[in-house]
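A.B. asks: Would you mind keeping the following structure in view while I ask a few things?
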Amino acid sequence: SEWLSDESKRDGKAYDPAKCWCDDLSEFLGDRISKIDDTMQNLESTAKVQHYQNEQWRMEAKEHKAEVGAHAETLGTASAISTRDSAASQDEVTSLRASLDSLDQAMGKVQEGTQIHGTLQGLKDTFAEKLKEAEESDKSRQSEFDDLQESKQKMLRLAKQAAAEKEARLAEGLAEVSRANTQVEKMSAQREDDAALSFAAKDLCSMLADQAEKRQQLRQAAHIALSQ
């Protein structure tokens, strides 16, 4: 009986540390798996929100690029029209100046005070007024074109800047989603390893507990037998 009591104590000293290890490991793995689950959920939520934000930036970048194309096209069209109108205006000015030169030559050959001279003077005054109007019109047209070009160039620069900013934000957002997904993959692998270790530890600890219980039952049976 004394031997059985001593054996029970020795068995307890051997099993108790194993039981403590089993309990500590189970608690540690349970806590870590729970923390991993929470972190993975937060990462997946963050990645999902960022994904939709990325789609918004992608759409806005596309819209700004379309604006860039539209402004560039408008500038090209306006430049072509301005070139055409400028050529027509220059032709008109050149023609009017040539007419004035011809009138000056003709008036030089006609005596002043005559009806013909007066008629030629009248024509000269008319052509001179038209030349003035043509030159002022060309100057005004060029000024309007310069203002339009300056405005469109500014709008073009702003659209390019906005597109670049959205693309930079998109790139950063895509990188953030990639980082989150990478972390989720690593944590998922860690969780699988922890879960496998937890199951294995439970099997081992259950086996140790069963063996300790059987030994205790055998000692109790032996104690009863010795007592009879």
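Scheme for the structure tokens: letters A, B, ... for chains in order shown; per-chain residue numbers from 1; ligand numbers from 1 in order shown.
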Just the residues within 12 Å of A:Lys35, please, counting only C-alpha atoms, with nothing from its chain fewer than 4 positions along; format it as a VMD selection string.
C.D. replies: chain A and resid 28 to 31 39 to 42 187 to 188 190 to 191 194
A.B. asks: Find, counting only C-alpha atoms, the residue in A:Asp16, A:Asp24, A:Asp138, A:Glu144 that gets nearest to A:Asp85.
C.D. replies: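 That would be A:Asp138, the residue with the smallest distance to A:Asp85.
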A.B. asks: Determine, counting only C-alpha atoms, which protein, DNA and RNA residues have an atom within 9 Å of an atom of A:Arg157; residues of the same chain fewer than 5 positions away are not included. Present the result as a ChimeraX atom specification.
C.D. replies: /A:68,152,162
A.B. asks: What lies within 7 Å of stretch 202-212 of chain A using only C-alpha atoms, ignoring chain neighbours under 4 positions off, as a ChimeraX atom specification?
C.D. replies: /A:22,198,216
A.B. asks: Output C-alpha atoms for every residue in that selection, as a PDB file, in the first residue's frame.
C.D. replies:
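Generated output (result_2.pdb):
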ATOM      1  CA  CYS A  22      -0.748  20.900 -22.414  1.00  0.00           C
ATOM      2  CA  SER A 198      -3.242  22.333 -31.657  1.00  0.00           C
ATOM      3  CA  GLN A 216      -4.455   5.436 -11.402  1.00  0.00           C
TER       4      GLN A 216
END
A.B. asks: Excluding same-chain residues fewer than 4 positions from A:Leu120, what lies within 7 Å of it counting only C-alpha atoms, as a ChimeraX atom specification?
C.D. replies: /A:103,107,116,124
A.B. asks: Include N, CA and C atoms and write out the residues we just selected as a tab-separated table (two decimals), in the first residue's frame.
C.D. replies:
chain	number	residue	atom	x	y	z
A	103	LEU	N	-3.89	102.78	-106.23
A	103	LEU	CA	-4.63	104.02	-106.23
A	103	LEU	C	-3.69	105.22	-106.09
A	107	MET	N	-3.52	108.15	-108.72
A	107	MET	CA	-3.77	109.54	-108.33
A	107	MET	C	-2.59	110.43	-108.67
A	116	ILE	N	-12.08	112.91	-111.42
A	116	ILE	CA	-11.43	111.59	-111.37
A	116	ILE	C	-10.56	111.48	-110.13
A	124	LYS	N	-9.68	105.47	-102.30
A	124	LYS	CA	-8.53	105.29	-101.40
A	124	LYS	C	-8.98	105.33	-99.95
A.B. asks: In Å, with one decimal, what is the gap from atom CA of A:Glu92 to atom CA of A:Ala134?
C.D. replies: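 So the answer is 7.3 Å.
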A.B. asks: Could you name the residues that touch A:Ala159 at 8 Å or less, counting only C-alpha atoms, but leaving out those on the same chain fewer than 3 positions away, as a compact mmCIF listing (two decimals) with C-alpha atoms, in the first residue's frame?
C.D. replies:
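Writing done, so here's selection-v4.txt:
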# COMPACT_ATOMS: atom_id res chain seq x y z
CA HIS A 64 -9.01 63.01 -66.59
CA LYS A 65 -7.15 61.29 -69.45
CA GLU A 67 -10.22 65.44 -70.65
CA VAL A 68 -6.56 65.65 -71.65
CA MET A 155 -6.99 73.24 -68.48
CA LEU A 156 -4.76 70.70 -70.23
CA ALA A 162 -5.14 65.38 -61.95
CA ALA A 163 -4.67 62.21 -64.03
A.B. asks: Can you tell me, as a list in words, what residues are no more than 9 Å from A:Leu100 when counting only C-alpha atoms, ignoring any on the same chain fewer than 5 positions away?
C.D. replies: Ser95, Gln105, Leu123, Lys124, Asp125, Phe127 and Ala128 of chain A
A.B. asks: Expressed in Å to a single decimal, how great is the separation between atom CA of A:Ser86 and atom CA of A:Gly122?
C.D. replies: 28.2 Å
A.B. asks: Any idea what the distance is between atom CA of A:Ser79 and atom CA of A:Phe145?
C.D. replies: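 These two atoms are separated by 8.1 Å.
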A.B. asks: Let me make sure I understand: among A:Glu135, A:Glu60, A:Glu73, A:Glu129, which one has the smallest atom-to-atom distance to A:Ala88 if we use only C-alpha atoms?
C.D. replies: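 Of the candidates, the smallest distance to A:Ala88 is held by A:Glu135.
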